[in-house]
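Structure below is work-v2.cif: mmCIF, C-alpha atoms.
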```cif
data_start
#
loop_
_atom_site.label_atom_id
_atom_site.label_comp_id
_atom_site.auth_asym_id
_atom_site.auth_seq_id
_atom_site.Cartn_x
_atom_site.Cartn_y
_atom_site.Cartn_z
CA MET O 1 13.81 48.88 -43.15
CA ALA O 2 14.81 51.90 -45.17
CA GLY O 3 11.97 54.14 -46.20
CA THR O 4 9.59 53.57 -43.28
CA THR O 5 9.33 56.36 -40.80
CA GLN O 6 10.00 55.80 -37.13
CA ARG O 7 6.68 55.76 -35.36
CA SER O 8 6.77 57.75 -32.19
CA ILE O 9 5.63 56.54 -28.83
CA ASP O 10 2.86 59.13 -28.94
CA ASP O 11 1.43 57.65 -32.12
CA LEU O 12 1.40 54.19 -30.62
CA ALA O 13 -0.22 55.42 -27.42
CA HIS O 14 -2.90 57.14 -29.50
CA GLU O 15 -3.60 53.92 -31.36
CA ALA O 16 -3.76 51.91 -28.15
CA ARG O 17 -6.47 54.05 -26.63
CA PRO O 18 -9.96 52.55 -26.63
CA PHE O 19 -12.08 53.27 -29.64
CA VAL O 20 -14.96 54.56 -27.61
CA GLN O 21 -14.04 56.99 -24.87
CA LEU O 22 -16.64 58.13 -22.46
CA ALA O 23 -14.52 60.48 -20.33
CA VAL O 24 -16.78 61.12 -17.37
CA LEU O 25 -18.30 57.67 -17.52
CA ASP O 26 -14.82 56.14 -17.59
CA ASP O 27 -13.92 58.08 -14.48
CA LEU O 28 -17.09 56.91 -12.83
CA LEU O 29 -16.42 53.33 -13.78
CA ASN O 30 -12.88 53.55 -12.47
CA GLU O 31 -14.13 55.05 -9.24
CA ALA O 32 -16.60 52.21 -8.90
CA ARG O 33 -13.95 49.63 -9.65
CA ALA O 34 -11.55 51.17 -7.16
CA ASN O 35 -14.07 51.07 -4.36
CA SER O 36 -15.11 47.48 -4.85
CA LEU O 37 -11.94 45.55 -5.58
CA TRP O 38 -12.92 41.99 -4.85
CA PRO O 39 -9.90 39.91 -4.00
CA LEU O 40 -9.29 36.32 -4.98
CA THR O 41 -8.61 34.20 -1.92
CA PHE O 42 -5.07 33.25 -2.76
CA GLY O 43 -3.12 32.68 0.37
CA LEU O 44 -0.14 30.46 -0.28
CA ALA O 45 1.87 30.66 2.94
CA CYS O 46 2.38 32.78 6.03
CA CYS O 47 1.30 36.05 4.43
CA ALA O 48 -2.13 34.49 4.10
CA ILE O 49 -2.49 34.68 7.88
CA GLU O 50 -1.90 38.42 7.79
CA MET O 51 -4.30 38.71 4.87
CA MET O 52 -6.93 36.88 6.91
CA ALA O 53 -6.22 39.21 9.81
CA ALA O 54 -6.66 42.17 7.49
CA GLY O 55 -9.99 40.78 6.39
CA ALA O 56 -11.17 40.13 9.92
CA SER O 57 -12.75 42.54 12.32
CA ARG O 58 -9.83 44.46 13.82
CA PHE O 59 -8.35 45.69 10.55
CA ASP O 60 -11.36 45.14 8.32
CA LEU O 61 -10.88 45.22 4.59
CA ASP O 62 -14.63 45.39 4.11
CA ARG O 63 -14.68 49.12 4.84
CA PHE O 64 -12.65 49.58 1.64
CA GLY O 65 -15.02 47.48 -0.38
CA SER O 66 -12.69 44.49 -0.46
CA GLY O 67 -14.28 42.37 2.20
CA VAL O 68 -15.76 39.78 -0.10
CA PHE O 69 -12.96 37.39 -1.01
CA ARG O 70 -14.08 35.42 -4.02
CA PRO O 71 -13.23 31.73 -4.24
CA SER O 72 -13.54 31.76 -8.00
CA PRO O 73 -11.12 33.73 -10.19
CA ARG O 74 -13.97 34.47 -12.57
CA GLN O 75 -15.50 36.76 -9.96
CA ALA O 76 -12.38 38.46 -8.67
CA ASP O 77 -10.81 41.80 -9.56
CA VAL O 78 -7.53 41.61 -7.71
CA MET O 79 -5.29 38.67 -7.00
CA ILE O 80 -3.45 39.18 -3.73
CA VAL O 81 -0.54 36.75 -4.02
CA ALA O 82 0.10 36.17 -0.34
CA GLY O 83 2.95 33.78 0.25
CA THR O 84 5.83 31.91 -1.27
CA ILE O 85 5.27 30.65 -4.79
CA SER O 86 6.79 27.19 -4.95
CA ARG O 87 7.75 25.88 -8.34
CA LYS O 88 5.04 23.26 -8.11
CA MET O 89 2.42 25.97 -7.55
CA ALA O 90 3.61 28.39 -10.23
CA PRO O 91 1.55 27.01 -13.14
CA VAL O 92 -1.51 27.15 -10.90
CA VAL O 93 -0.91 30.82 -10.13
CA ARG O 94 -0.54 31.52 -13.81
CA ALA O 95 -3.67 29.57 -14.68
CA LEU O 96 -5.72 31.42 -12.07
CA TRP O 97 -4.40 34.77 -13.29
CA GLU O 98 -5.41 33.94 -16.83
CA GLN O 99 -8.86 32.89 -15.69
CA MET O 100 -9.52 36.24 -14.11
CA PRO O 101 -11.48 38.47 -16.47
CA ALA O 102 -10.08 41.91 -17.28
CA PRO O 103 -9.83 44.48 -15.77
CA LYS O 104 -7.71 42.78 -13.19
CA TRP O 105 -4.84 43.75 -10.95
CA ALA O 106 -2.34 41.89 -8.81
CA ILE O 107 -0.82 42.69 -5.45
CA ALA O 108 2.40 40.92 -4.51
CA MET O 109 2.32 40.62 -0.75
CA GLY O 110 5.42 39.82 1.22
CA GLY O 111 9.08 39.30 0.54
CA CYS O 112 8.65 35.96 -1.20
CA THR O 113 6.53 37.46 -3.93
CA ILE O 114 8.94 40.33 -4.46
CA ASP O 115 12.11 38.36 -5.06
CA GLY O 116 11.85 35.02 -3.35
CA GLY O 117 12.34 36.46 0.10
CA PRO O 118 14.14 34.38 2.71
CA PHE O 119 14.13 31.34 0.45
CA LYS O 120 16.33 32.85 -2.21
CA TYR O 121 19.92 31.71 -2.41
CA GLU O 122 22.36 30.71 -5.10
CA GLY O 123 21.33 27.29 -6.34
CA GLN O 124 17.89 27.16 -4.79
CA TYR O 125 15.49 24.71 -6.33
CA ALA O 126 12.21 25.36 -4.61
CA VAL O 127 10.64 28.78 -5.19
CA ILE O 128 9.88 31.22 -7.95
CA GLU O 129 11.86 34.32 -7.11
CA GLY O 130 9.11 36.85 -7.30
CA ALA O 131 5.51 36.86 -8.46
CA ASP O 132 6.37 39.24 -11.29
CA LYS O 133 8.21 36.38 -12.96
CA ILE O 134 4.87 34.81 -13.82
CA ILE O 135 2.19 37.48 -13.59
CA PRO O 136 2.23 41.27 -14.04
CA VAL O 137 2.18 42.88 -10.59
CA ASP O 138 0.73 46.31 -9.82
CA VAL O 139 1.64 46.78 -6.17
CA PHE O 140 4.46 45.25 -4.13
CA ILE O 141 4.13 45.12 -0.36
CA PRO O 142 7.39 44.35 1.42
CA GLY O 143 7.44 42.61 4.74
CA CYS O 144 7.82 39.16 6.18
CA PRO O 145 4.96 39.14 6.69
CA PRO O 146 3.69 42.66 6.16
CA ARG O 147 1.35 43.80 8.89
CA PRO O 148 -2.33 44.05 8.02
CA GLU O 149 -1.94 47.81 7.97
CA ALA O 150 0.70 47.39 5.28
CA LEU O 151 -1.65 45.28 3.20
CA ILE O 152 -4.32 47.93 3.59
CA ASN O 153 -1.80 50.56 2.54
CA GLY O 154 -1.01 48.54 -0.56
CA LEU O 155 -4.67 48.16 -1.32
CA LEU O 156 -5.15 51.92 -1.02
CA LEU O 157 -2.25 52.47 -3.41
CA LEU O 158 -3.92 50.10 -5.81
CA LYS O 159 -7.14 52.05 -5.44
CA GLU O 160 -5.33 55.19 -6.56
CA LYS O 161 -3.96 53.30 -9.54
CA VAL O 162 -7.38 51.99 -10.45
CA ARG O 163 -8.96 55.39 -10.01
CA ALA O 164 -6.45 56.79 -12.47
CA GLY O 165 -7.54 54.17 -14.95
CA ARG O 166 -4.14 52.49 -15.21
CA LYS O 167 -3.85 48.76 -15.64
CA PHE O 168 -1.81 46.20 -17.54
CA GLU O 169 -3.57 45.13 -20.70
CA ALA O 170 -4.51 41.47 -20.37
CA MET W 1 6.30 -4.40 27.31
CA VAL W 2 9.84 -3.62 28.18
CA ALA W 3 12.20 -3.11 25.27
CA PRO W 4 15.56 -4.84 25.37
CA PRO W 5 18.54 -2.60 26.16
CA GLY W 6 19.87 -0.54 23.31
CA ASP W 7 22.85 -2.62 22.41
CA ALA W 8 20.93 -5.90 22.52
CA LEU W 9 18.05 -4.96 20.25
CA LEU W 10 19.56 -5.79 16.89
CA PRO W 11 21.15 -9.15 16.14
CA ALA W 12 24.89 -9.02 15.70
CA GLY W 13 24.83 -10.04 12.05
CA LEU W 14 22.98 -6.92 11.02
CA VAL W 15 25.13 -4.40 12.69
CA ARG W 16 28.61 -3.27 11.92
CA GLU W 17 28.91 -1.04 14.93
CA THR W 18 26.84 0.01 17.91
CA ARG W 19 27.68 2.77 20.30
CA THR W 20 26.00 5.34 22.42
CA GLU W 21 25.15 8.46 20.55
CA SER W 22 27.49 11.26 21.33
CA SER W 23 25.51 14.22 20.06
CA PRO W 24 22.97 15.32 22.69
CA SER W 25 21.06 17.56 20.30
CA SER W 26 19.96 14.59 18.23
CA GLY W 27 17.83 13.25 21.06
CA CYS W 28 19.16 9.77 20.36
CA GLN W 29 20.76 7.53 22.92
CA TRP W 30 22.04 4.76 20.64
CA ARG W 31 23.64 4.72 17.22
CA HIS W 32 23.84 1.61 15.05
CA VAL W 33 25.66 1.34 11.74
CA LEU W 34 24.11 -1.41 9.67
CA ALA W 35 26.23 -3.88 7.77
CA ASP W 36 24.50 -3.49 4.40
CA ALA W 37 21.35 -2.25 2.70
CA PRO W 38 19.20 -5.41 3.09
CA ALA W 39 19.76 -5.18 6.86
CA ILE W 40 17.46 -2.14 6.85
CA ALA W 41 14.38 -4.35 6.56
CA ALA W 42 15.53 -6.82 9.19
CA ALA W 43 16.37 -4.00 11.60
CA ALA W 44 12.97 -2.41 10.98
CA ARG W 45 11.33 -5.72 11.87
CA CYS W 46 13.23 -5.81 15.16
CA TYR W 47 12.10 -2.31 16.02
CA ARG W 48 8.54 -3.04 15.01
CA GLU W 49 8.44 -6.03 17.33
CA ALA W 50 9.83 -3.85 20.11
CA GLY W 51 6.94 -1.47 19.58
CA ALA W 52 8.97 1.39 18.17
CA VAL W 53 7.78 4.35 16.16
CA LEU W 54 9.65 5.66 13.12
CA GLU W 55 10.36 9.30 13.77
CA LEU W 56 12.70 10.20 10.96
CA LEU W 57 14.03 8.83 7.72
CA THR W 58 16.44 10.98 5.82
CA CYS W 59 19.51 10.81 3.68
CA VAL W 60 22.93 12.39 3.47
CA ASP W 61 24.81 12.77 0.20
CA LEU W 62 28.31 11.39 0.85
CA LEU W 63 29.07 10.52 -2.75
CA ALA W 64 32.08 12.76 -2.93
CA ALA W 65 33.51 11.70 0.40
CA GLU W 66 32.68 8.00 0.55
CA GLY W 67 30.77 7.11 -2.62
CA THR W 68 27.56 6.29 -0.78
CA PHE W 69 24.31 7.74 0.37
CA ARG W 70 23.84 7.48 4.09
CA LEU W 71 20.27 6.67 5.12
CA VAL W 72 19.44 7.71 8.67
CA TYR W 73 16.52 6.23 10.58
CA HIS W 74 15.36 7.38 13.99
CA TYR W 75 13.29 4.86 15.95
CA ARG W 76 11.67 5.80 19.23
CA LEU W 77 11.00 2.95 21.60
CA PRO W 78 8.19 2.97 24.17
CA GLY W 79 9.71 4.65 27.20
CA GLY W 80 11.40 7.36 25.16
CA VAL W 81 14.72 5.81 24.17
CA ARG W 82 15.66 6.76 20.63
CA HIS W 83 17.89 4.81 18.32
CA ARG W 84 19.64 6.22 15.32
CA VAL W 85 20.17 3.57 12.66
CA VAL W 86 22.52 4.39 9.85
CA ALA W 87 22.97 2.50 6.60
CA ASP W 88 25.41 3.38 3.84
CA VAL W 89 24.11 2.48 0.40
CA PRO W 90 26.22 2.85 -2.74
CA GLU W 91 24.80 4.87 -5.58
CA ALA W 92 22.24 2.97 -7.69
CA THR W 93 21.60 0.46 -4.93
CA ILE W 94 17.92 -0.03 -4.20
CA PRO W 95 17.41 -0.53 -0.46
CA PRO W 96 14.25 -2.21 0.83
CA SER W 97 11.29 -0.10 1.78
CA ILE W 98 10.09 -0.28 5.37
CA GLU W 99 6.68 1.09 4.44
CA PRO W 100 4.90 -2.24 5.09
CA LEU W 101 6.11 -2.03 8.68
CA PHE W 102 5.97 1.72 9.33
CA ALA W 103 3.35 3.64 7.37
CA SER W 104 5.07 6.94 8.07
CA ALA W 105 7.92 5.77 5.88
CA ASN W 106 5.67 6.22 2.85
CA TRP W 107 6.28 9.94 2.49
CA TYR W 108 9.76 9.85 4.02
CA GLU W 109 10.95 7.45 1.34
CA ARG W 110 9.26 9.43 -1.41
CA GLU W 111 11.01 12.55 -0.15
CA VAL W 112 14.38 10.77 -0.14
CA PHE W 113 13.74 9.64 -3.69
CA ASP W 114 12.72 13.13 -4.75
CA MET W 115 15.69 14.84 -3.18
CA PHE W 116 18.46 12.25 -3.70
CA GLY W 117 17.30 9.71 -6.25
CA VAL W 118 17.43 6.71 -3.93
CA ARG W 119 14.66 4.28 -4.82
CA PHE W 120 13.16 1.84 -2.34
CA SER W 121 11.98 -1.58 -3.44
CA GLY W 122 8.53 -2.64 -2.32
CA HIS W 123 7.18 0.88 -1.92
CA PRO W 124 3.57 1.18 -3.17
CA THR W 125 4.01 4.56 -4.92
CA MET W 126 7.66 5.28 -5.57
CA GLU W 127 7.31 8.75 -7.05
CA LYS W 128 8.22 12.35 -6.32
CA LEU W 129 6.59 14.11 -3.43
CA LEU W 130 7.61 17.76 -3.22
CA THR W 131 9.14 19.06 -6.43
CA ALA W 132 7.12 19.85 -9.52
CA GLU W 133 6.28 16.88 -11.72
CA ASP W 134 8.24 18.08 -14.72
CA GLU W 135 11.29 19.18 -12.80
CA PRO W 136 14.30 17.02 -13.56
CA GLY W 137 17.04 16.24 -11.11
CA HIS W 138 17.36 15.60 -7.42
CA PRO W 139 17.84 18.90 -5.62
CA LEU W 140 19.58 17.93 -2.40
CA ARG W 141 22.42 16.13 -4.10
CA LYS W 142 25.65 18.02 -3.75
CA ASP W 143 26.13 18.07 -7.52
CA PHE W 144 22.74 19.66 -8.17
CA LYS W 145 23.22 23.13 -9.55
CA ALA W 146 20.36 25.34 -10.54
CA THR W 147 18.98 28.72 -9.85
CA VAL W 148 15.54 28.41 -11.25
CA THR W 149 13.35 31.41 -11.42
CA GLY W 150 10.73 30.92 -14.11
CA LEU W 151 8.00 28.38 -14.59
CA PRO W 152 9.00 24.75 -14.08
CA GLY W 153 9.89 22.65 -17.08
CA GLY W 154 11.86 25.17 -19.02
CA GLY W 155 11.86 28.52 -17.34
CA SER W 156 15.05 30.34 -16.70
CA ASP W 157 15.13 34.00 -15.95
CA ALA W 158 14.95 35.99 -19.16
#
```
Exercise: express the given structure as structure tokens:
Amino acid sequence: MAGTTQRSIDDLAHEARPFVQLAVLDDLLNEARANSLWPLTFGLACCAIEMMAAGASRFDLDRFGSGVFRPSPRQADVMIVAGTISRKMAPVVRALWEQMPAPKWAIAMGGCTIDGGPFKYEGQYAVIEGADKIIPVDVFIPGCPPRPEALINGLLLLKEKVRAGRKFEA
Amino acid sequence: MVAPPGDALLPAGLVRETRTESSPSSGCQWRHVLADAPAIAAAARCYREAGAVLELLTCVDLLAAEGTFRLVYHYRLPGGVRHRVVADVPEATIPPSIEPLFASANWYEREVFDMFGVRFSGHPTMEKLLTAEDEPGHPLRKDFKATVTGLPGGGSDA
């Protein structure tokens, strides 16, 4: 409308910052969060097998603080979407994401969660073509399935993101 | 118990054509084309009495080519001989369910209904099996066109 000034991105970013900022304490909290990202057990398909392998003894997610997979979304920090999201399952994924308390992050593991993977074709009826169609995703891990080392790599990338204090709001 | 030979198993009135199966990859030795949809139940009774197991029940959309759905049943007799039984049902015909005779037909027939829209009469729970509850349409029909990417029941990619 005529007469109002264009608000710059910097102004909006300033307004979006938390009211109380505790600088060093924030960094400490982010460091703590990064080193104890508790995943939600959310294996949907084949990638779940590799996720289980990553959690087991040879590859061991526990040394990164992520060994305790939580069965309840209320207790989880990160949702590792491991596997194809069928259309029947999509509302469940969304419901679980919304039940997770903030701060929360999501890792899309495997080709199916990136863009539908091998099940994507013109006229397909069965899968959601990518987890980011229903939840905001922080890290994408390509592979079919990605090796456990790739999942660990993705988790380490997420740790860097968490340490920097970056997350989607809600 | 010894099953009767492949071309003597079904009474003549049920069958339009019987021949040996020509495709080795199907694993079937005999192929019967049934005369009509009600013959499905009578044929299933014959196979049940012969001690057969239902291994497969599926459907082919031939609406464009012949105006029918082709139901395909694979029965495996004791001893390993497999019969492929084929029945052509016009659209909107309701063939009989063989679920009272073969319990495995329960999910097979629900899948055929979900994917093609063919209902079976006498089925205890004639409802969808695999697709989301609020998803309309029957996906494996040739005239089904959708690329669905968002949430079921109204999501298309924004």
- [ ] Do a neighbour search on Arg31 in chain W at 12 Å with all atoms listed in the file, toss out local chain neighbours closer than 6 positions, and write the hits as a ChimeraX atom specification.
- [x] /W:6-7,9-10,15-24,72-75,81-87
Task: Who sits within 12 Å of range 44-60 of chain O, only C-alpha atoms, same chain under 4 positions skipped, as a PyMOL selection string - done: chain O and resi 38-40+64-69+79-86+88-90+92-93+107-113+117+127+131+141-155
Task: Nearest to chain W by atom-to-atom distance, counting all atoms listed in the file, from O:Phe119, O:Ala164, O:Glu98, O:Val139 - done: O:Phe119
Open item on the list: I need the chain O residues near chain W as an MDAnalysis selection string; criterion: at most 9 Å, counting all atoms listed in the file.
Closed with: chainID O and resid 86:91 116 121:130 133:134
Open item on the list: Applying 12 Å and all atoms listed in the file, which residues near range 92-95 of chain W remain after dropping the ones on its own chain fewer than 2 positions away? List them as number ranges by chain.
Closed with: W: 36-42, 63, 67-71, 87-90, 97-99, 109, 112-113, 116-123, 126
The selected residues should be written to file as a PDB file, in the coordinates of the input (atoms: C-alpha atoms).
```pdb
ATOM      1  CA  ASP W  36      24.500  -3.490   4.400  1.00  0.00           C
ATOM      2  CA  ALA W  37      21.350  -2.250   2.700  1.00  0.00           C
ATOM      3  CA  PRO W  38      19.200  -5.410   3.090  1.00  0.00           C
ATOM      4  CA  ALA W  39      19.760  -5.180   6.860  1.00  0.00           C
ATOM      5  CA  ILE W  40      17.460  -2.140   6.850  1.00  0.00           C
ATOM      6  CA  ALA W  41      14.380  -4.350   6.560  1.00  0.00           C
ATOM      7  CA  ALA W  42      15.530  -6.820   9.190  1.00  0.00           C
ATOM      8  CA  LEU W  63      29.070  10.520  -2.750  1.00  0.00           C
ATOM      9  CA  GLY W  67      30.770   7.110  -2.620  1.00  0.00           C
ATOM     10  CA  THR W  68      27.560   6.290  -0.780  1.00  0.00           C
ATOM     11  CA  PHE W  69      24.310   7.740   0.370  1.00  0.00           C
ATOM     12  CA  ARG W  70      23.840   7.480   4.090  1.00  0.00           C
ATOM     13  CA  LEU W  71      20.270   6.670   5.120  1.00  0.00           C
ATOM     14  CA  ALA W  87      22.970   2.500   6.600  1.00  0.00           C
ATOM     15  CA  ASP W  88      25.410   3.380   3.840  1.00  0.00           C
ATOM     16  CA  VAL W  89      24.110   2.480   0.400  1.00  0.00           C
ATOM     17  CA  PRO W  90      26.220   2.850  -2.740  1.00  0.00           C
ATOM     18  CA  SER W  97      11.290  -0.100   1.780  1.00  0.00           C
ATOM     19  CA  ILE W  98      10.090  -0.280   5.370  1.00  0.00           C
ATOM     20  CA  GLU W  99       6.680   1.090   4.440  1.00  0.00           C
ATOM     21  CA  GLU W 109      10.950   7.450   1.340  1.00  0.00           C
ATOM     22  CA  VAL W 112      14.380  10.770  -0.140  1.00  0.00           C
ATOM     23  CA  PHE W 113      13.740   9.640  -3.690  1.00  0.00           C
ATOM     24  CA  PHE W 116      18.460  12.250  -3.700  1.00  0.00           C
ATOM     25  CA  GLY W 117      17.300   9.710  -6.250  1.00  0.00           C
ATOM     26  CA  VAL W 118      17.430   6.710  -3.930  1.00  0.00           C
ATOM     27  CA  ARG W 119      14.660   4.280  -4.820  1.00  0.00           C
ATOM     28  CA  PHE W 120      13.160   1.840  -2.340  1.00  0.00           C
ATOM     29  CA  SER W 121      11.980  -1.580  -3.440  1.00  0.00           C
ATOM     30  CA  GLY W 122       8.530  -2.640  -2.320  1.00  0.00           C
ATOM     31  CA  HIS W 123       7.180   0.880  -1.920  1.00  0.00           C
ATOM     32  CA  MET W 126       7.660   5.280  -5.570  1.00  0.00           C
TER      33      MET W 126
END
```
Decode the PyMOL selection byres ((chain W and resi 101) around 8) for the given file into explicit residues and return them as a tab-separated table (two decimals) with C-alpha atoms, in the frame of the given file.
```
chain	number	residue	atom	x	y	z
W	44	ALA	CA	12.97	-2.41	10.98
W	45	ARG	CA	11.33	-5.72	11.87
W	48	ARG	CA	8.54	-3.04	15.01
W	98	ILE	CA	10.09	-0.28	5.37
W	99	GLU	CA	6.68	1.09	4.44
W	100	PRO	CA	4.90	-2.24	5.09
W	102	PHE	CA	5.97	1.72	9.33
W	103	ALA	CA	3.35	3.64	7.37
```
- [ ] Record the distance separating CA of Gly51 in chain W and CA of Arg110 in chain W, expressed in Å with one decimal.
- [x] 23.8 Å
Task: CA of Arg74 in chain O to CA of Leu96 in chain O, distance in Å rounded to a single decimal - done: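 Interatomic distance, CA of Arg74 in chain O to CA of Leu96 in chain O: 8.8 Å.
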TODO: Using CA of Ala23 in chain O and CA of Lys161 in chain O as the two end points, give the distance in Å to one decimal.
DONE: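 Going from CA of Ala23 in chain O over to CA of Lys161 in chain O covers 16.7 Å.
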Given the PyMOL selection byres ((chain O and resi 99) around 10) and the file above, list the residues it selects as a PDB file with C-alpha atoms, in the frame of the given file.
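Result saved to out_29.pdb:
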```pdb
ATOM      1  CA  SER O  72     -13.540  31.760  -8.000  1.00  0.00           C
ATOM      2  CA  PRO O  73     -11.120  33.730 -10.190  1.00  0.00           C
ATOM      3  CA  ARG O  74     -13.970  34.470 -12.570  1.00  0.00           C
ATOM      4  CA  GLN O  75     -15.500  36.760  -9.960  1.00  0.00           C
ATOM      5  CA  ALA O  76     -12.380  38.460  -8.670  1.00  0.00           C
ATOM      6  CA  VAL O  93      -0.910  30.820 -10.130  1.00  0.00           C
ATOM      7  CA  ARG O  94      -0.540  31.520 -13.810  1.00  0.00           C
ATOM      8  CA  ALA O  95      -3.670  29.570 -14.680  1.00  0.00           C
ATOM      9  CA  LEU O  96      -5.720  31.420 -12.070  1.00  0.00           C
ATOM     10  CA  TRP O  97      -4.400  34.770 -13.290  1.00  0.00           C
ATOM     11  CA  GLU O  98      -5.410  33.940 -16.830  1.00  0.00           C
ATOM     12  CA  MET O 100      -9.520  36.240 -14.110  1.00  0.00           C
ATOM     13  CA  PRO O 101     -11.480  38.470 -16.470  1.00  0.00           C
ATOM     14  CA  ALA O 102     -10.080  41.910 -17.280  1.00  0.00           C
TER      15      ALA O 102
END
```
TODO: Let me know the residues the PyMOL selection byres ((chain O and resi 34) around 8) catches in the file above, as a PyMOL selection string.
DONE: chain O and resi 30-33+35-37+158-160+162-163
Kindly provide, as JSON, the centre and edge lengths (Å, one decimal) of an axis-aligned box around all atoms of range 128-137 of chain W given in the file, with 8 Å on each side.
```
{"center_x": 11.7, "center_y": 16.1, "center_z": -9.0, "size_x": 26.8, "size_y": 23.5, "size_z": 27.5}
```
Task: Neighbour list for Ala52 in chain W as number ranges by chain, cut-off 8 Å, all atoms listed in the file, skip fewer than 3 positions in-chain - done: W: 47-49, 75-78
